[in-house]
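Data file: work38.txt. Format and content: compact mmCIF, C-alpha atoms.
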```txt
# COMPACT_ATOMS: atom_id res chain seq x y z
CA LEU A 1 -41.17 -8.42 32.88
CA ASN A 2 -42.83 -11.15 30.82
CA THR A 3 -46.03 -10.90 32.86
CA LEU A 4 -46.59 -7.20 32.13
CA TRP A 5 -44.80 -6.85 28.80
CA ALA A 6 -47.72 -7.81 26.55
CA LEU A 7 -50.15 -5.80 28.67
CA TYR A 8 -47.99 -2.71 28.32
CA LEU A 9 -47.56 -3.05 24.56
CA LEU A 10 -51.20 -3.81 23.76
CA ARG A 11 -52.88 -1.44 26.20
CA SER A 12 -50.49 1.41 27.02
CA LEU A 13 -48.78 1.64 23.62
CA ALA A 14 -51.89 0.66 21.62
CA MET A 15 -50.00 -1.89 19.54
CA SER A 16 -52.19 -3.90 17.19
CA ALA A 17 -52.36 -7.67 17.36
CA THR A 18 -50.59 -7.98 13.99
CA VAL A 19 -47.68 -5.75 15.00
CA PHE A 20 -47.46 -7.54 18.33
CA GLY A 21 -47.15 -10.86 16.48
CA VAL A 22 -44.42 -9.45 14.22
CA VAL A 23 -42.51 -8.20 17.26
CA LEU A 24 -42.73 -11.64 18.86
CA GLY A 25 -41.51 -13.19 15.62
CA LEU A 26 -38.49 -10.89 15.60
CA GLY A 27 -37.73 -11.99 19.13
CA ALA A 28 -37.89 -15.65 18.12
CA LEU A 29 -35.47 -14.99 15.25
CA GLY A 30 -33.13 -13.29 17.69
CA ALA A 31 -33.19 -16.28 20.01
CA ALA A 32 -32.36 -18.63 17.15
CA ALA A 33 -29.54 -16.36 15.95
CA GLY A 34 -28.07 -16.10 19.45
CA ALA A 35 -28.10 -19.86 19.98
CA LEU A 36 -26.42 -20.47 16.61
CA ALA A 37 -23.80 -17.76 17.16
CA ALA A 38 -22.96 -18.74 20.75
CA PRO A 39 -20.16 -21.27 19.96
CA SER A 40 -18.30 -18.92 17.63
CA LEU A 41 -18.71 -15.94 19.98
CA ALA A 42 -17.47 -17.97 22.94
CA ALA A 43 -14.48 -19.20 20.93
CA ARG A 44 -13.55 -15.70 19.77
CA TYR A 45 -14.10 -13.63 22.90
CA GLY A 46 -14.10 -16.27 25.62
CA PRO A 47 -17.18 -17.71 27.36
CA GLY A 48 -16.85 -15.48 30.42
CA PRO A 49 -16.44 -12.10 28.68
CA MET A 50 -19.11 -13.03 26.13
CA MET A 51 -21.68 -13.84 28.82
CA ILE A 52 -20.83 -10.67 30.75
CA ALA A 53 -21.25 -8.56 27.62
CA ALA A 54 -24.59 -10.23 26.86
CA LEU A 55 -25.84 -9.59 30.40
CA ALA A 56 -24.68 -5.97 30.19
CA ILE A 57 -26.52 -5.37 26.91
CA THR A 58 -29.78 -6.97 28.09
CA PRO A 59 -30.91 -4.14 30.45
CA LEU A 60 -30.12 -1.60 27.71
CA THR A 61 -32.56 -3.31 25.34
CA GLN A 62 -35.37 -2.42 27.76
CA ILE A 63 -34.82 1.31 27.28
CA PRO A 64 -36.85 1.63 24.03
CA LEU A 65 -39.74 -0.14 25.72
CA LEU A 66 -39.64 2.20 28.72
CA LEU A 67 -39.32 5.36 26.61
CA ALA A 68 -41.74 4.36 23.85
CA SER A 69 -45.00 6.06 22.97
CA PRO A 70 -47.61 4.93 20.44
CA GLY A 71 -46.33 5.14 16.88
CA ARG A 72 -44.74 3.17 14.05
CA ALA A 73 -41.17 4.32 14.76
CA TRP A 74 -41.29 3.10 18.34
CA GLN A 75 -42.74 -0.20 17.20
CA PHE A 76 -39.71 -0.77 14.98
CA ALA A 77 -37.44 0.22 17.86
CA ILE A 78 -39.13 -2.20 20.25
CA GLY A 79 -38.93 -5.02 17.70
CA ALA A 80 -35.21 -4.41 17.11
CA ALA A 81 -34.57 -4.19 20.86
CA LEU A 82 -36.37 -7.47 21.49
CA PHE A 83 -34.38 -9.13 18.71
CA LEU A 84 -31.11 -7.99 20.30
CA GLN A 85 -32.29 -8.89 23.80
CA LEU A 86 -33.06 -12.48 22.83
CA VAL A 87 -29.81 -12.77 20.87
CA CYS A 88 -27.99 -11.97 24.11
CA ALA A 89 -30.22 -14.21 26.22
CA ALA A 90 -29.82 -17.21 23.93
CA ALA A 91 -26.06 -16.76 23.50
CA ALA A 92 -25.47 -16.45 27.25
CA GLY A 93 -27.94 -19.20 28.13
CA THR A 94 -26.52 -21.68 25.64
CA THR A 95 -22.98 -21.03 26.84
CA GLN A 96 -23.71 -21.28 30.55
CA ARG A 97 -25.65 -24.52 30.07
CA SER A 98 -22.75 -25.95 28.10
CA ILE A 99 -20.32 -25.03 30.88
CA ARG A 100 -22.59 -26.60 33.47
CA GLN A 101 -22.79 -29.85 31.56
CA VAL A 102 -19.03 -30.02 30.97
CA ILE A 103 -18.01 -29.49 34.60
CA THR A 104 -20.75 -31.68 36.11
CA ALA A 105 -19.93 -35.32 36.71
CA ASP A 106 -21.88 -37.81 34.62
CA GLY A 107 -23.66 -39.23 37.64
CA MET A 108 -24.90 -35.76 38.66
CA GLN A 109 -26.16 -34.55 35.26
CA ALA A 110 -29.81 -35.41 35.88
CA ARG A 111 -29.79 -33.95 39.39
CA MET A 112 -28.10 -30.75 38.18
CA GLN A 113 -30.67 -30.28 35.41
CA ALA A 114 -33.57 -31.06 37.74
CA VAL A 115 -32.42 -28.49 40.31
CA SER A 116 -31.92 -25.85 37.61
CA THR A 117 -35.37 -26.47 36.13
CA TRP A 118 -36.97 -26.44 39.58
CA LEU A 119 -35.37 -23.10 40.46
CA THR A 120 -36.19 -21.34 37.19
CA SER A 121 -39.66 -22.78 36.61
CA GLY A 122 -40.61 -22.68 40.27
CA ALA A 123 -39.82 -18.97 40.50
CA ARG A 124 -42.09 -18.01 37.62
CA PRO A 125 -45.46 -18.26 39.42
CA LEU A 126 -44.09 -16.26 42.36
CA SER A 127 -42.61 -13.66 40.03
CA ALA A 128 -45.88 -13.38 38.11
CA LEU A 129 -47.79 -12.79 41.34
CA LEU A 130 -45.24 -10.18 42.42
CA ALA A 131 -45.42 -8.45 39.04
CA GLY A 132 -49.21 -8.35 39.17
CA ALA A 133 -49.18 -6.96 42.70
CA LEU A 134 -46.61 -4.30 41.87
CA GLY A 135 -48.40 -3.43 38.63
CA THR A 136 -51.62 -2.87 40.57
CA TRP A 137 -49.88 -0.96 43.35
CA ILE A 138 -47.40 1.32 41.56
CA GLY A 139 -48.40 0.93 37.91
CA VAL A 140 -47.29 -1.16 34.93
CA ARG A 141 -44.49 1.09 33.66
CA PRO A 142 -42.84 1.59 37.09
CA THR A 143 -42.96 -2.17 37.59
CA LEU A 144 -41.19 -2.66 34.25
CA ILE A 145 -38.53 -0.21 35.44
CA VAL A 146 -38.06 -2.27 38.61
CA GLY A 147 -37.73 -5.43 36.53
CA THR A 148 -35.17 -3.75 34.28
CA CYS A 149 -33.09 -2.79 37.31
CA LEU A 150 -33.22 -6.39 38.54
CA LEU A 151 -31.59 -7.47 35.27
CA LEU A 152 -28.39 -5.95 36.66
CA VAL A 153 -28.23 -8.57 39.43
CA PRO A 154 -26.96 -11.49 37.29
CA LEU A 155 -24.47 -9.13 35.63
CA VAL A 156 -22.98 -8.14 39.00
CA VAL A 157 -22.93 -11.73 40.26
CA LEU A 158 -21.19 -13.04 37.14
CA TYR A 159 -18.72 -10.15 37.02
CA ARG A 160 -17.62 -10.84 40.60
CA SER A 161 -17.18 -14.57 39.95
CA PRO A 162 -14.19 -16.46 38.49
CA LEU A 163 -16.15 -16.83 35.23
CA ARG A 164 -15.11 -13.28 34.38
CA GLY A 165 -11.68 -14.55 33.36
CA LEU A 166 -12.84 -17.71 31.58
CA ARG A 167 -11.28 -17.43 28.11
CA GLN A 168 -12.04 -20.92 26.85
CA MET A 169 -14.51 -23.66 27.56
CA PRO A 170 -13.46 -25.80 30.52
CA GLY A 171 -12.30 -29.32 29.82
CA ALA A 172 -14.18 -32.43 30.84
CA PRO A 173 -13.02 -34.37 33.93
CA PRO A 174 -9.87 -36.40 33.15
CA VAL A 175 -10.44 -39.90 31.79
CA PRO A 176 -8.43 -42.72 33.45
CA SER A 177 -5.36 -43.78 31.51
CA GLY A 178 -5.29 -46.92 29.40
CA ASP A 179 -3.08 -48.79 31.91
CA SER A 180 -5.53 -48.27 34.75
CA LEU A 181 -8.37 -49.45 32.56
CA VAL A 182 -6.50 -52.65 31.69
CA GLN A 183 -5.85 -53.42 35.35
CA ARG A 184 -9.50 -53.08 36.33
CA PRO A 185 -11.53 -56.31 36.46
CA ALA A 186 -14.02 -56.68 33.67
CA ALA A 187 -17.55 -55.70 34.65
CA PRO A 188 -20.22 -58.35 34.11
CA THR A 189 -22.57 -57.68 31.23
CA PRO A 190 -26.29 -58.45 31.12
CA PHE A 191 -25.68 -60.93 28.31
CA GLY A 192 -23.58 -63.39 30.27
CA PRO A 193 -20.33 -63.73 32.22
CA PRO A 194 -17.29 -61.74 31.10
CA VAL A 195 -15.02 -63.39 28.57
CA PRO A 196 -11.60 -64.10 30.13
CA GLY A 197 -8.66 -62.35 28.53
CA PRO A 198 -5.37 -63.98 27.52
CA THR A 199 -3.40 -65.49 30.36
CA PRO A 200 0.00 -63.90 31.05
CA ALA A 201 3.00 -66.08 30.19
CA GLY A 202 4.13 -66.48 33.82
CA GLU A 203 0.75 -67.68 35.02
CA GLU A 204 0.47 -70.10 32.05
CA GLN A 205 3.80 -71.75 32.94
CA HIS A 206 2.73 -72.02 36.59
CA ASP A 207 -0.50 -73.77 35.61
CA ARG A 208 1.39 -76.23 33.42
CA SER A 209 3.73 -77.15 36.25
CA LEU A 210 0.78 -77.91 38.51
CA ASN A 211 -0.75 -80.16 35.85
CA GLY A 212 2.41 -82.15 35.34
CA GLY A 213 3.71 -80.09 32.48
CA THR A 214 0.87 -80.96 30.11
CA PRO A 215 -0.58 -78.09 28.15
```
Write out the structure in this file as structure tokens.
Amino acid sequence: LNTLWALYLLRSLAMSATVFGVVLGLGALGAAAGALAAPSLAARYGPGPMMIAALAITPLTQIPLLLASPGRAWQFAIGAALFLQLVCAAAAGTTQRSIRQVITADGMQARMQAVSTWLTSGARPLSALLAGALGTWIGVRPTLIVGTCLLLVPLVVLYRSPLRGLRQMPGAPPVPSGDSLVQRPAAPTPFGPPVPGPTPAGEEQHDRSLNGGTP
């Protein structure tokens, strides 16, 4: 979609460079609004239902683009649709990343983020090549229709997952209790050996008896 979107607007719909820049600016405002609204939306409606709703709205925001013809009214419609689309994308993306970070163990955070970045960024060159090939073969607008239909895939996957019933953000892994922390031996620090803690009363009396009762 991103590969052919600008081509379709500038060439097929004869959008000027100025209007195209304004449309992109509206999209950027939508992304900022979605990211800022994500915590309150997740708290009110639940992270799972909110993400499902956002993914359901996203394909609908492509309809003005697919139905548009050159003209000022359609340019406003496309700008508004892009604003709403990026509101949904930012709200869902911010929430799902937050869930990932909460449920991932501290020692796996870097690996989780690396795998996610590799999958998303690594797919972009292949998707761009596929979009260019389909655009050449069947045309730009039919390829955009195919891309819009593919936006239903994450909606179906998420709807069929346990996240559908997630009404609140998951909690972090449980922290060990204070008693278990006290019983653990002190870890050495890079600044020197650990400082010994106070000796229990029983052990202190035992040491005194070995030393002839002298303190």
>> Counting only C-alpha atoms, which residue out of A:Gly21, A:Gly171, A:Pro70, A:Gly34 sits closest to Met50 (chain A)?
In response: A:Gly34
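Proximity ranking of A:Val23, A:Ala81, A:Ile52, A:Leu67 relative to Gly93 (chain A) places A:Ile52 first, based on all atoms listed in the file.
For Phe20 (chain A), the residues within 9 Å (counting all atoms listed in the file, excluding itself and residues fewer than 2 positions away along the chain) are Ala6, Leu9, Leu10, Met15, Ser16, Ala17, Thr18, Val22, Val23, Leu24, Gly25, Gln75 and Gly79 of chain A.
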> Which residue out of A:Met51, A:Cys149, A:Leu26, A:Ala32 has the minimum interatomic distance to Ala77 (chain A) when all atoms listed in the file are used?
Replying inline: A:Leu26
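Here CA of Leu13 (chain A) is placed at a distance of 19.3 Å from CA of Leu134 (chain A).
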>> Please determine, counting all atoms listed in the file, which residue among A:Arg164, A:Ala73, A:Leu65, A:Ile99 has the shortest atom-to-atom distance to Leu4 (chain A).
In response: A:Leu65
Would you be able to write out as a PDB file with C-alpha atoms, in the frame of the given file which residues have an atom within 8 Å of (-24.4, -17.8, 25.7) in the file's coordinates, counting all atoms listed in the file?
```pdb
ATOM      1  CA  GLY A  34     -28.070 -16.100  19.450  1.00  0.00           C
ATOM      2  CA  ALA A  35     -28.100 -19.860  19.980  1.00  0.00           C
ATOM      3  CA  ALA A  38     -22.960 -18.740  20.750  1.00  0.00           C
ATOM      4  CA  PRO A  39     -20.160 -21.270  19.960  1.00  0.00           C
ATOM      5  CA  ALA A  42     -17.470 -17.970  22.940  1.00  0.00           C
ATOM      6  CA  PRO A  47     -17.180 -17.710  27.360  1.00  0.00           C
ATOM      7  CA  MET A  50     -19.110 -13.030  26.130  1.00  0.00           C
ATOM      8  CA  MET A  51     -21.680 -13.840  28.820  1.00  0.00           C
ATOM      9  CA  ALA A  54     -24.590 -10.230  26.860  1.00  0.00           C
ATOM     10  CA  CYS A  88     -27.990 -11.970  24.110  1.00  0.00           C
ATOM     11  CA  ALA A  89     -30.220 -14.210  26.220  1.00  0.00           C
ATOM     12  CA  ALA A  90     -29.820 -17.210  23.930  1.00  0.00           C
ATOM     13  CA  ALA A  91     -26.060 -16.760  23.500  1.00  0.00           C
ATOM     14  CA  ALA A  92     -25.470 -16.450  27.250  1.00  0.00           C
ATOM     15  CA  GLY A  93     -27.940 -19.200  28.130  1.00  0.00           C
ATOM     16  CA  THR A  94     -26.520 -21.680  25.640  1.00  0.00           C
ATOM     17  CA  THR A  95     -22.980 -21.030  26.840  1.00  0.00           C
ATOM     18  CA  GLN A  96     -23.710 -21.280  30.550  1.00  0.00           C
TER      19      GLN A  96
END
```
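Coordinates place CA of Pro64 (chain A) at a distance of 5.8 Å from CA of Ile78 (chain A).
The spacing separating CA of Pro49 (chain A) from CA of Ser127 (chain A) amounts to 28.6 Å.
If you measure from each of A:Ile138, A:Val157, A:Leu55, A:Val87 to Leu36 (chain A) using only C-alpha atoms, the closest one turns out to be A:Val87.
Checking A:Gly27, A:Gly135, A:Gly46, A:Pro154 one by one against Arg167 (chain A), counting all atoms listed in the file, you find the shortest gap at A:Gly46.
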